[in-house]
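*Asks:* Please see the structure below; I have some questions.
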Amino acid sequence: MPRASWIDDDNNPALDPLVQKLDHFVTAMADGNVDAAELTRQEQNLLAAMRAVEKDLSDEQHAKVTKLLAELTAYNVMQVLHDLAKARLERAFK
């Protein structure tokens with residue numbers, strides 16, 4: 001199976017198509033509300049994936065993946081805050 005790039009042709013993060021293939025994510029998002037149990041399940045999925053990868057990495061690879069995870073988390077938080085602010089602004093001017 002060919003490797004799916006993390007970056008699209010326009011030089012943007014391209015993880016959404018991969019996330020959409022996660023059945024548990026699609027199911028959790030279907031009603032537009034993420035409850036505590038769904039969040040806990042996702043945390044367990046994340047921890048399992050981290051454990052599966054972390055033990056196989058060299059120190060150099062571990063440092064690179066650690067930086068990647070930190071940057072991804074920062075991007076996700078910033079994107080959510082940006083989108084929320086944009087939505088509030090759009091509602092204010094309707």
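Following the order of the structure tokens, chains are lettered A, B, ..., residues in each are numbered from 1, and ligands are numbered from 1.
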Taking only stretch 4-71 of chain A into account, list the residues labelled helix (DSSP H, G or I) by DSSP (computed from the backbone), as a count of residues only.

*Replies:* 43

*Asks:* For A:Arg41, which residue among A:Tyr75, A:His24, A:Ala63, A:Asp56 is the nearest when counting only C-alpha atoms?

*Replies:* A:His24

*Asks:* Got a sec: who's within 10 Å of stretch 2-18 of chain A, counting only C-alpha atoms, leaving out chain neighbours fewer than 3 positions off, as a ChimeraX atom specification?

*Replies:* /A:21-22,72,75
